[in-house]
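Pasting model-v4.cif here (mmCIF, C-alpha atoms):
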```
data_query
loop_
_atom_site.group_PDB
_atom_site.id
_atom_site.type_symbol
_atom_site.label_atom_id
_atom_site.label_comp_id
_atom_site.auth_asym_id
_atom_site.auth_seq_id
_atom_site.Cartn_x
_atom_site.Cartn_y
_atom_site.Cartn_z
ATOM 1 C CA MET A 12 149.188 100.900 107.793
ATOM 2 C CA SER A 13 151.384 99.814 104.904
ATOM 3 C CA PHE A 14 150.770 96.861 102.607
ATOM 4 C CA ALA A 15 153.302 94.345 101.425
ATOM 5 C CA GLY A 16 154.112 93.996 97.746
ATOM 6 C CA TYR A 17 151.837 91.849 95.612
ATOM 7 C CA GLY A 18 152.701 88.182 95.944
ATOM 8 C CA VAL A 19 154.257 88.510 99.402
ATOM 9 C CA GLN A 20 152.439 86.607 102.140
ATOM 10 C CA LYS A 21 152.715 89.229 104.853
ATOM 11 C CA PRO A 22 149.700 89.512 107.192
ATOM 12 C CA MET A 23 148.393 92.908 108.218
ATOM 13 C CA GLY A 24 147.311 93.898 111.683
ATOM 14 C CA ARG A 25 146.203 91.111 114.028
ATOM 15 C CA ALA A 26 145.524 88.577 111.290
ATOM 16 C CA ASP A 27 148.639 86.586 112.135
ATOM 17 C CA THR A 28 147.596 86.262 115.799
ATOM 18 C CA ILE A 29 144.301 84.511 115.152
ATOM 19 C CA GLU A 30 144.513 80.739 115.217
ATOM 20 C CA ASP A 31 140.940 80.191 114.027
ATOM 21 C CA GLY A 32 141.644 81.078 110.391
ATOM 22 C CA THR A 33 143.638 83.993 109.025
ATOM 23 C CA THR A 34 143.768 86.424 106.157
ATOM 24 C CA SER A 35 146.736 87.993 104.422
ATOM 25 C CA GLY A 36 146.729 91.564 103.133
ATOM 26 C CA LEU A 37 148.648 92.341 99.966
ATOM 27 C CA GLN A 38 148.915 95.349 97.683
ATOM 28 C CA ALA A 39 148.825 94.825 93.935
ATOM 29 C CA PRO A 40 150.144 97.285 91.365
ATOM 30 C CA GLY A 41 147.521 99.987 90.907
ATOM 31 C CA ASP A 42 146.780 100.290 94.607
ATOM 32 C CA VAL A 43 144.459 97.302 94.885
ATOM 33 C CA ALA A 44 144.529 95.637 98.303
ATOM 34 C CA VAL A 45 144.201 91.867 97.918
ATOM 35 C CA ILE A 46 142.800 90.108 100.983
ATOM 36 C CA ILE A 47 143.198 86.332 101.008
ATOM 37 C CA ILE A 48 140.924 84.104 103.095
ATOM 38 C CA ASP A 49 143.396 81.514 104.348
ATOM 39 C CA ASN A 50 141.439 78.915 106.291
ATOM 40 C CA PRO A 51 141.868 75.499 104.635
ATOM 41 C CA PRO A 52 140.366 73.348 103.392
ATOM 42 C CA ASN A 53 137.284 75.338 102.339
ATOM 43 C CA GLY A 54 137.630 78.891 103.662
ATOM 44 C CA ALA A 55 135.102 78.559 106.483
ATOM 45 C CA LEU A 56 134.116 82.015 107.757
ATOM 46 C CA THR A 57 134.749 81.235 111.403
ATOM 47 C CA PRO A 58 134.797 83.975 114.068
ATOM 48 C CA GLY A 59 138.579 84.261 113.751
ATOM 49 C CA VAL A 60 138.369 84.690 109.998
ATOM 50 C CA ARG A 61 135.648 87.318 110.407
ATOM 51 C CA ILE A 62 137.810 89.287 112.850
ATOM 52 C CA ALA A 63 140.734 89.163 110.448
ATOM 53 C CA LEU A 64 138.620 90.067 107.416
ATOM 54 C CA SER A 65 137.017 92.983 109.216
ATOM 55 C CA GLU A 66 140.399 94.338 110.275
ATOM 56 C CA GLN A 67 141.853 93.930 106.782
ATOM 57 C CA VAL A 68 138.945 95.753 105.149
ATOM 58 C CA LYS A 69 139.130 98.596 107.656
ATOM 59 C CA ALA A 70 142.917 98.845 107.227
ATOM 60 C CA ALA A 71 142.490 99.062 103.460
ATOM 61 C CA GLU A 72 139.819 101.730 103.857
ATOM 62 C CA GLU A 73 142.137 103.818 106.026
ATOM 63 C CA SER A 74 145.222 103.412 103.838
ATOM 64 C CA PRO A 75 145.826 106.331 101.446
ATOM 65 C CA GLU A 76 147.734 103.907 99.193
ATOM 66 C CA VAL A 77 144.652 101.794 98.500
ATOM 67 C CA ARG A 78 141.880 102.682 96.055
ATOM 68 C CA SER A 79 140.051 99.349 95.901
ATOM 69 C CA MET A 80 140.044 95.830 97.343
ATOM 70 C CA VAL A 81 139.802 92.236 96.176
ATOM 71 C CA ILE A 82 138.797 89.383 98.490
ATOM 72 C CA ALA A 83 139.846 85.922 97.324
ATOM 73 C CA GLY A 84 140.234 82.413 98.666
ATOM 74 C CA ARG A 85 143.202 80.078 98.546
ATOM 75 C CA ASP A 86 143.936 76.735 96.883
ATOM 76 C CA GLY A 87 140.828 76.615 94.723
ATOM 77 C CA ALA A 88 138.341 77.566 97.446
ATOM 78 C CA PHE A 89 136.581 80.838 98.240
ATOM 79 C CA ALA A 90 134.457 80.598 101.386
ATOM 80 C CA MET A 91 131.580 78.630 102.857
ATOM 81 C CA GLY A 92 129.665 77.843 106.047
ATOM 82 C CA THR A 93 126.130 78.002 107.429
ATOM 83 C CA GLY A 94 126.398 80.329 110.402
ATOM 84 C CA ILE A 95 125.660 77.540 112.896
ATOM 85 C CA ASP A 96 128.918 75.600 112.696
ATOM 86 C CA ALA A 97 131.169 77.965 114.642
ATOM 87 C CA ALA A 98 129.432 78.234 118.019
ATOM 88 C CA PRO A 99 132.375 76.874 120.092
ATOM 89 C CA SER A 100 134.796 79.323 118.478
ATOM 90 C CA LEU A 101 132.322 82.182 118.874
ATOM 91 C CA ALA A 102 132.123 81.532 122.617
ATOM 92 C CA GLN A 103 135.893 82.038 122.780
ATOM 93 C CA MET A 104 135.757 85.151 120.552
ATOM 94 C CA PRO A 105 132.730 87.163 121.692
ATOM 95 C CA ASP A 106 134.060 90.297 119.986
ATOM 96 C CA ALA A 107 133.995 88.714 116.533
ATOM 97 C CA PRO A 108 131.656 90.543 114.153
ATOM 98 C CA SER A 109 128.676 88.580 112.943
ATOM 99 C CA LEU A 110 128.795 87.687 109.275
ATOM 100 C CA GLY A 111 125.878 90.048 108.729
ATOM 101 C CA ASP A 112 127.829 92.932 110.251
ATOM 102 C CA LEU A 113 130.904 92.031 108.193
ATOM 103 C CA CYS A 114 128.828 91.975 105.006
ATOM 104 C CA ASP A 115 127.354 95.372 105.856
ATOM 105 C CA THR A 116 130.880 96.732 106.451
ATOM 106 C CA ILE A 117 132.027 95.469 103.050
ATOM 107 C CA GLU A 118 128.982 96.816 101.249
ATOM 108 C CA ALA A 119 129.292 100.216 102.962
ATOM 109 C CA SER A 120 132.954 100.604 101.974
ATOM 110 C CA ALA A 121 133.656 103.839 100.122
ATOM 111 C CA LYS A 122 136.297 101.926 98.154
ATOM 112 C CA PRO A 123 135.199 99.239 95.678
ATOM 113 C CA VAL A 124 135.338 95.650 96.916
ATOM 114 C CA VAL A 125 135.439 92.834 94.348
ATOM 115 C CA VAL A 126 135.481 89.104 95.131
ATOM 116 C CA ALA A 127 137.464 86.542 93.122
ATOM 117 C CA ILE A 128 135.624 83.216 93.269
ATOM 118 C CA THR A 129 137.332 79.929 92.521
ATOM 119 C CA GLY A 130 135.999 76.684 93.917
ATOM 120 C CA ALA A 131 132.990 76.996 96.217
ATOM 121 C CA ALA A 132 131.143 80.069 97.453
ATOM 122 C CA LEU A 133 128.411 78.347 99.421
ATOM 123 C CA GLY A 134 126.180 79.503 102.253
ATOM 124 C CA ASN A 135 128.082 82.175 104.146
ATOM 125 C CA GLY A 136 130.521 82.398 101.236
ATOM 126 C CA LEU A 137 127.721 83.386 98.864
ATOM 127 C CA GLU A 138 126.424 85.949 101.361
ATOM 128 C CA LEU A 139 129.899 87.479 101.592
ATOM 129 C CA ALA A 140 130.159 87.612 97.801
ATOM 130 C CA LEU A 141 126.752 89.274 97.501
ATOM 131 C CA ALA A 142 127.914 92.109 99.762
ATOM 132 C CA ALA A 143 130.766 93.015 97.401
ATOM 133 C CA HIS A 144 130.457 95.621 94.662
ATOM 134 C CA GLY A 145 131.697 93.215 91.995
ATOM 135 C CA ARG A 146 132.028 89.459 91.506
ATOM 136 C CA VAL A 147 134.428 87.603 89.193
ATOM 137 C CA ALA A 148 134.271 83.803 89.049
ATOM 138 C CA HIS A 149 135.893 80.844 87.348
ATOM 139 C CA PRO A 150 133.480 79.056 84.964
ATOM 140 C CA GLY A 151 133.683 75.967 87.152
ATOM 141 C CA ALA A 152 133.121 77.783 90.447
ATOM 142 C CA ARG A 153 130.113 76.734 92.520
ATOM 143 C CA LEU A 154 127.831 79.357 94.032
ATOM 144 C CA GLY A 155 124.824 78.454 96.132
ATOM 145 C CA ALA A 156 122.790 78.663 99.304
ATOM 146 C CA PRO A 157 122.326 75.128 100.684
ATOM 147 C CA GLU A 158 120.796 76.235 104.003
ATOM 148 C CA ILE A 159 117.338 74.890 103.124
ATOM 149 C CA THR A 160 118.785 71.356 103.073
ATOM 150 C CA ILE A 161 119.441 71.572 106.807
ATOM 151 C CA GLY A 162 116.153 73.270 107.630
ATOM 152 C CA ILE A 163 117.266 76.889 107.958
ATOM 153 C CA VAL A 164 117.462 80.048 105.838
ATOM 154 C CA PRO A 165 120.491 82.235 105.109
ATOM 155 C CA GLY A 166 120.959 84.512 108.103
ATOM 156 C CA SER A 167 123.366 87.232 106.965
ATOM 157 C CA GLY A 168 121.468 89.071 104.266
ATOM 158 C CA GLY A 169 121.384 86.331 101.646
ATOM 159 C CA THR A 170 117.598 86.247 101.297
ATOM 160 C CA GLN A 171 117.578 90.024 100.861
ATOM 161 C CA ARG A 172 120.544 90.652 98.563
ATOM 162 C CA LEU A 173 120.196 87.651 96.247
ATOM 163 C CA PRO A 174 116.727 88.604 94.865
ATOM 164 C CA LYS A 175 117.957 92.138 94.199
ATOM 165 C CA VAL A 176 120.978 90.815 92.302
ATOM 166 C CA VAL A 177 119.413 88.004 90.236
ATOM 167 C CA GLY A 178 115.683 88.756 90.467
ATOM 168 C CA GLY A 179 113.004 87.131 92.578
ATOM 169 C CA LEU A 180 112.317 84.134 90.335
ATOM 170 C CA ALA A 181 115.954 83.038 90.075
ATOM 171 C CA ALA A 182 116.465 83.662 93.792
ATOM 172 C CA LEU A 183 113.491 81.498 94.738
ATOM 173 C CA LYS A 184 114.808 78.690 92.536
ATOM 174 C CA MET A 185 118.280 78.810 94.077
ATOM 175 C CA LEU A 186 117.172 79.216 97.677
ATOM 176 C CA LEU A 187 114.348 76.659 97.689
ATOM 177 C CA SER A 188 116.365 73.976 95.890
ATOM 178 C CA GLY A 189 119.592 74.535 97.795
ATOM 179 C CA ARG A 190 121.448 73.613 94.613
ATOM 180 C CA ALA A 191 124.566 75.467 93.499
ATOM 181 C CA VAL A 192 125.117 76.961 90.049
ATOM 182 C CA ASN A 193 128.423 77.048 88.205
ATOM 183 C CA GLY A 194 130.198 80.201 87.124
ATOM 184 C CA LYS A 195 128.716 80.145 83.622
ATOM 185 C CA SER A 196 125.170 79.865 84.939
ATOM 186 C CA ALA A 197 125.899 82.515 87.552
ATOM 187 C CA LEU A 198 126.896 84.924 84.785
ATOM 188 C CA LYS A 199 123.685 84.219 82.862
ATOM 189 C CA ILE A 200 121.465 85.116 85.814
ATOM 190 C CA GLY A 201 123.561 88.111 86.847
ATOM 191 C CA LEU A 202 124.985 86.599 90.017
ATOM 192 C CA VAL A 203 128.527 87.382 88.852
ATOM 193 C CA ASP A 204 129.689 90.204 86.618
ATOM 194 C CA ARG A 205 132.410 88.315 84.768
ATOM 195 C CA ILE A 206 133.835 84.826 84.372
ATOM 196 C CA GLU A 207 137.503 84.149 83.778
ATOM 197 C CA ASP A 208 138.863 80.786 82.667
ATOM 198 C CA GLY A 209 142.455 81.780 83.455
ATOM 199 C CA ASP A 210 143.723 83.933 86.304
ATOM 200 C CA VAL A 211 140.597 84.848 88.273
ATOM 201 C CA LEU A 212 142.516 86.941 90.787
ATOM 202 C CA SER A 213 144.099 89.103 88.074
ATOM 203 C CA ALA A 214 140.690 89.553 86.452
ATOM 204 C CA ALA A 215 139.212 90.627 89.789
ATOM 205 C CA ILE A 216 142.062 93.113 90.285
ATOM 206 C CA GLU A 217 141.307 94.541 86.850
ATOM 207 C CA GLU A 218 137.614 94.797 87.748
ATOM 208 C CA ALA A 219 138.459 96.539 91.027
ATOM 209 C CA ARG A 220 140.622 99.066 89.181
ATOM 210 C CA THR A 221 137.812 99.733 86.723
ATOM 211 C CA LEU A 222 135.371 100.451 89.545
ATOM 212 C CA ALA A 223 137.897 102.696 91.295
ATOM 213 C CA ASP A 224 138.473 104.674 88.089
ATOM 214 C CA SER A 225 134.770 105.131 87.427
ATOM 215 C CA ASP A 226 132.903 108.287 88.369
ATOM 216 C CA ALA A 227 129.699 106.303 88.880
ATOM 217 C CA PRO A 228 128.609 105.640 92.476
ATOM 218 C CA LEU A 229 129.197 102.144 93.819
ATOM 219 C CA VAL A 230 126.192 99.853 93.451
ATOM 220 C CA LYS A 231 125.133 98.233 96.731
ATOM 221 C CA SER A 232 123.354 94.921 96.316
ATOM 222 C CA SER A 233 120.934 95.735 99.137
ATOM 223 C CA GLU A 234 119.801 98.889 97.315
ATOM 224 C CA ARG A 235 119.447 97.534 93.775
ATOM 225 C CA ARG A 236 116.048 97.807 92.123
ATOM 226 C CA ASP A 237 116.940 96.968 88.527
ATOM 227 C CA ARG A 238 116.094 93.247 88.882
ATOM 228 C CA LEU A 239 112.700 93.759 90.493
ATOM 229 C CA GLY A 240 110.628 94.169 87.345
ATOM 230 C CA GLU A 241 109.165 90.659 87.208
ATOM 231 C CA GLY A 242 105.891 91.891 88.692
ATOM 232 C CA GLN A 243 102.991 89.540 88.140
ATOM 233 C CA ALA A 244 105.192 86.567 87.237
ATOM 234 C CA PHE A 245 106.970 86.820 90.573
ATOM 235 C CA LEU A 246 103.719 87.175 92.536
ATOM 236 C CA GLU A 247 102.310 84.100 90.798
ATOM 237 C CA ALA A 248 105.482 82.136 91.560
ATOM 238 C CA VAL A 249 105.327 83.195 95.212
ATOM 239 C CA ALA A 250 101.691 82.086 95.444
ATOM 240 C CA GLU A 251 102.487 78.680 93.919
ATOM 241 C CA HIS A 252 105.568 78.114 96.092
ATOM 242 C CA ARG A 253 103.604 79.183 99.165
ATOM 243 C CA ARG A 254 100.822 76.714 98.341
ATOM 244 C CA VAL A 255 103.365 73.888 98.183
ATOM 245 C CA ALA A 256 105.235 75.071 101.284
ATOM 246 C CA GLU A 257 102.076 75.282 103.379
ATOM 247 C CA ALA A 258 101.448 71.598 102.710
ATOM 248 C CA SER A 259 104.977 70.681 103.805
ATOM 249 C CA PRO A 260 105.778 69.515 107.348
ATOM 250 C CA LEU A 261 108.924 71.683 107.202
ATOM 251 C CA ASP A 262 108.890 75.306 108.321
ATOM 252 C CA ALA A 263 111.941 76.550 106.416
ATOM 253 C CA PRO A 264 110.450 76.755 102.889
ATOM 254 C CA LEU A 265 107.570 79.000 103.938
ATOM 255 C CA ARG A 266 109.808 81.255 106.032
ATOM 256 C CA LEU A 267 112.240 81.510 103.126
ATOM 257 C CA ILE A 268 109.476 82.510 100.699
ATOM 258 C CA GLU A 269 108.342 85.197 103.131
ATOM 259 C CA CYS A 270 111.893 86.565 103.309
ATOM 260 C CA VAL A 271 112.306 86.717 99.525
ATOM 261 C CA GLU A 272 108.924 88.394 99.157
ATOM 262 C CA ALA A 273 109.994 90.952 101.763
ATOM 263 C CA ALA A 274 113.205 91.635 99.839
ATOM 264 C CA LEU A 275 111.191 92.800 96.854
ATOM 265 C CA LEU A 276 108.470 94.688 98.734
ATOM 266 C CA LEU A 277 110.001 96.120 101.905
ATOM 267 C CA PRO A 278 113.050 98.232 102.852
ATOM 268 C CA TYR A 279 116.256 96.235 103.327
ATOM 269 C CA GLU A 280 116.416 96.769 107.101
ATOM 270 C CA ILE A 281 112.917 95.370 107.611
ATOM 271 C CA GLY A 282 113.627 92.399 105.376
ATOM 272 C CA ARG A 283 116.838 91.698 107.289
ATOM 273 C CA GLY A 284 114.862 91.728 110.515
ATOM 274 C CA LEU A 285 112.465 89.132 109.134
ATOM 275 C CA GLU A 286 115.392 87.036 107.916
ATOM 276 C CA THR A 287 117.124 87.170 111.302
ATOM 277 C CA ALA A 288 113.933 86.151 113.096
ATOM 278 C CA ALA A 289 113.408 83.262 110.678
ATOM 279 C CA PHE A 290 116.995 82.056 111.075
ATOM 280 C CA GLU A 291 116.849 82.194 114.874
ATOM 281 C CA ASP A 292 113.504 80.377 115.005
ATOM 282 C CA LEU A 293 114.548 77.663 112.579
ATOM 283 C CA VAL A 294 118.029 76.959 113.910
ATOM 284 C CA ASP A 295 116.529 75.705 117.189
ATOM 285 C CA SER A 296 113.716 73.736 115.563
ATOM 286 C CA ASP A 297 113.472 69.958 115.833
ATOM 287 C CA HIS A 298 113.383 69.641 112.047
ATOM 288 C CA SER A 299 116.618 71.543 111.555
ATOM 289 C CA GLN A 300 118.433 69.704 114.314
ATOM 290 C CA ALA A 301 117.371 66.368 112.818
ATOM 291 C CA LEU A 302 118.480 67.384 109.320
ATOM 292 C CA ARG A 303 121.829 68.625 110.632
ATOM 293 C CA HIS A 304 122.324 65.328 112.449
ATOM 294 C CA VAL A 305 121.713 63.428 109.197
ATOM 295 C CA PHE A 306 124.034 65.786 107.316
ATOM 296 C CA ALA A 307 126.811 65.327 109.885
ATOM 297 C CA ALA A 308 126.391 61.554 109.823
ATOM 298 C CA ASP A 309 126.551 61.579 106.032
ATOM 299 C CA ARG A 310 129.787 63.572 106.088
ATOM 300 C CA ARG A 311 131.302 61.117 108.568
ATOM 301 C CA LEU A 312 130.300 58.233 106.298
ATOM 302 C CA VAL A 313 131.893 59.885 103.275
ATOM 303 C CA ALA A 314 135.069 60.625 105.239
ATOM 304 C CA ALA A 315 135.298 57.069 106.551
ATOM 305 C CA SER A 316 134.716 55.636 103.081
ATOM 306 C CA ALA A 317 137.444 57.850 101.653
ATOM 307 C CA VAL A 318 139.905 56.381 104.125
ATOM 308 C CA VAL A 319 139.258 52.852 102.883
ATOM 309 C CA GLY A 320 138.877 53.915 99.250
ATOM 310 C CA ARG A 321 135.205 53.025 98.865
ATOM 311 C CA THR A 322 132.175 55.023 97.749
ATOM 312 C CA PRO A 323 129.392 54.892 100.359
ATOM 313 C CA SER A 324 126.156 53.275 99.207
ATOM 314 C CA ARG A 325 123.026 55.418 99.430
#
```

Can you present the structure in this file as structure tokens?
Amino acid sequence: MSFAGYGVQKPMGRADTIEDGTTSGLQAPGDVAVIIIDNPPNGALTPGVRIALSEQVKAAEESPEVRSMVIAGRDGAFAMGTGIDAAPSLAQMPDAPSLGDLCDTIEASAKPVVVAITGAALGNGLELALAAHGRVAHPGARLGAPEITIGIVPGSGGTQRLPKVVGGLAALKMLLSGRAVNGKSALKIGLVDRIEDGDVLSAAIEEARTLADSDAPLVKSSERRDRLGEGQAFLEAVAEHRRVAEASPLDAPLRLIECVEAALLLPYEIGRGLETAAFEDLVDSDHSQALRHVFAADRRLVAASAVVGRTPSR
């Protein structure tokens, strides 16, 4: 399958037939396939987008012209979502890969995959970024896992890959608070490999070329062990967070702590199983449904206030 020249918006494969979000496949000089998530306004990773992304990645893998890939967003956004906001679309697209399967496909690619992050990489967007072999972000980008704020945990490998990328202590802080970090902070904790104040896409292409030219094996986030040396400090933090979580009426914090602990102590596949079970249990819980109802109502209030030009009172 051939790729269009860099800068030409020509979809590959079935991407142009999917109404629920699309991607465009481009080839940059140096044989870097650039895959654009094109699902405004925020790059939601809906079932249609996941189908398109999966097909683009596989097409790039099979193309002899391509040596590496870059996944980027459009119009100042990367990708986001929670994994529970696309159920109607999923019912219409039962063949869509789960986000977890898509992340595993990206991570298993024999060709380097780098993400270019501008705007927000939240929830599902962060999980997608963690599956890549390299991450380049704008200093003002926002990266985070807000799932805890609606009573669930990341369900596509986020609780397993994040601790192995940034370490257990930083992962616990991000996941339990639900707060995002900017690109500069992400670089400090090792969540991204490089920040670029100018052309993030060009910087990501350069990073992808560097990985393709290297003789070193690709580093998979799920297999990293270099950030797991916190030892006693991590165990003490887990014990303290667990003490607080056990006194909470919410189930999500304790389940999340268990998942992060598993990421550092157990094989990836077992940790993923625990994460999946936690996500499935929590998504149907009364607490999560109530928090999602409040979140949806808050978004409607903000949207309505924007129409009349007023800031909602809290």

Exercise. Just give me the gap between atom CA of Arg61 of chain A and atom CA of Leu110 of chain A in Å, one decimal is fine.
Key: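 Going from atom CA of Arg61 of chain A over to atom CA of Leu110 of chain A, I get 7.0 Å.
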
Quiz item: For Ala288 of chain A, which residue out of A:Val192, A:Val77, A:Val164, A:Ile117 is the nearest one, using only C-alpha atoms?
Solution: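 Among A:Val192, A:Val77, A:Val164, A:Ile117, it is A:Val164 that comes nearest to Ala288 of chain A.
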
Quiz item: What residues come out when you apply the PyMOL selection byres ((chain A and resi 253-258) around 12) to this file, written as a list in words?
Solution: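 When the PyMOL selection byres ((chain A and resi 253-258) around 12) is applied to the shown file, the picked residues are Leu183, Leu187, Phe245, Leu246, Glu247, Ala248, Val249, Ala250, Glu251, His252, Ser259, Pro260, Leu261, Asp262, Ala263, Pro264, Leu265, Arg266, Leu267, Ile268, Glu269, Cys270, Val271 and Glu272 of chain A.
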
Mind checking which residues fall within 9 Å of Ile200 of chain A, counting only C-alpha atoms, ignoring those fewer than 2 positions away in the same chain, and posting them as a CSV table (one decimal) with C-alpha atoms, in the frame of the given file?
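Once written, selection.csv looks like this:
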```csv
chain,number,residue,atom,x,y,z
A,176,VAL,CA,121.0,90.8,92.3
A,177,VAL,CA,119.4,88.0,90.2
A,178,GLY,CA,115.7,88.8,90.5
A,181,ALA,CA,116.0,83.0,90.1
A,196,SER,CA,125.2,79.9,84.9
A,197,ALA,CA,125.9,82.5,87.6
A,198,LEU,CA,126.9,84.9,84.8
A,202,LEU,CA,125.0,86.6,90.0
A,203,VAL,CA,128.5,87.4,88.9
```

Quiz item: How far is it from atom CA of Gly54 of chain A to atom CA of Glu280 of chain A, in Å with one decimal?
Solution: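 According to the coordinates, atom CA of Gly54 of chain A and atom CA of Glu280 of chain A are separated by 28.0 Å.
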
Quiz item: Interatomic distance between atom CA of His149 of chain A and atom CA of Ala127 of chain A?
Solution: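 That distance, rounded to one decimal, is 8.3 Å.
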
Self-check item: Answer key for the PyMOL selection byres ((chain A and resi 147) around 7), residues as a list of chain:residue names
Solution: A:Val126, A:Ala127, A:Ile128, A:Gly145, A:Arg146, A:Ala148, A:Val203, A:Asp204, A:Arg205, A:Ile206, A:Val211, A:Ala215

Could the residues in this selection be written to a file with C-alpha atoms, as a PDB file, keeping the file's coordinate frame?
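Final output, saved to out_4.pdb:
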```
ATOM      1  CA  VAL A 126     135.481  89.104  95.131  1.00  0.00           C
ATOM      2  CA  ALA A 127     137.464  86.542  93.122  1.00  0.00           C
ATOM      3  CA  ILE A 128     135.624  83.216  93.269  1.00  0.00           C
ATOM      4  CA  GLY A 145     131.697  93.215  91.995  1.00  0.00           C
ATOM      5  CA  ARG A 146     132.028  89.459  91.506  1.00  0.00           C
ATOM      6  CA  ALA A 148     134.271  83.803  89.049  1.00  0.00           C
ATOM      7  CA  VAL A 203     128.527  87.382  88.852  1.00  0.00           C
ATOM      8  CA  ASP A 204     129.689  90.204  86.618  1.00  0.00           C
ATOM      9  CA  ARG A 205     132.410  88.315  84.768  1.00  0.00           C
ATOM     10  CA  ILE A 206     133.835  84.826  84.372  1.00  0.00           C
ATOM     11  CA  VAL A 211     140.597  84.848  88.273  1.00  0.00           C
ATOM     12  CA  ALA A 215     139.212  90.627  89.789  1.00  0.00           C
TER      13      ALA A 215
END
```
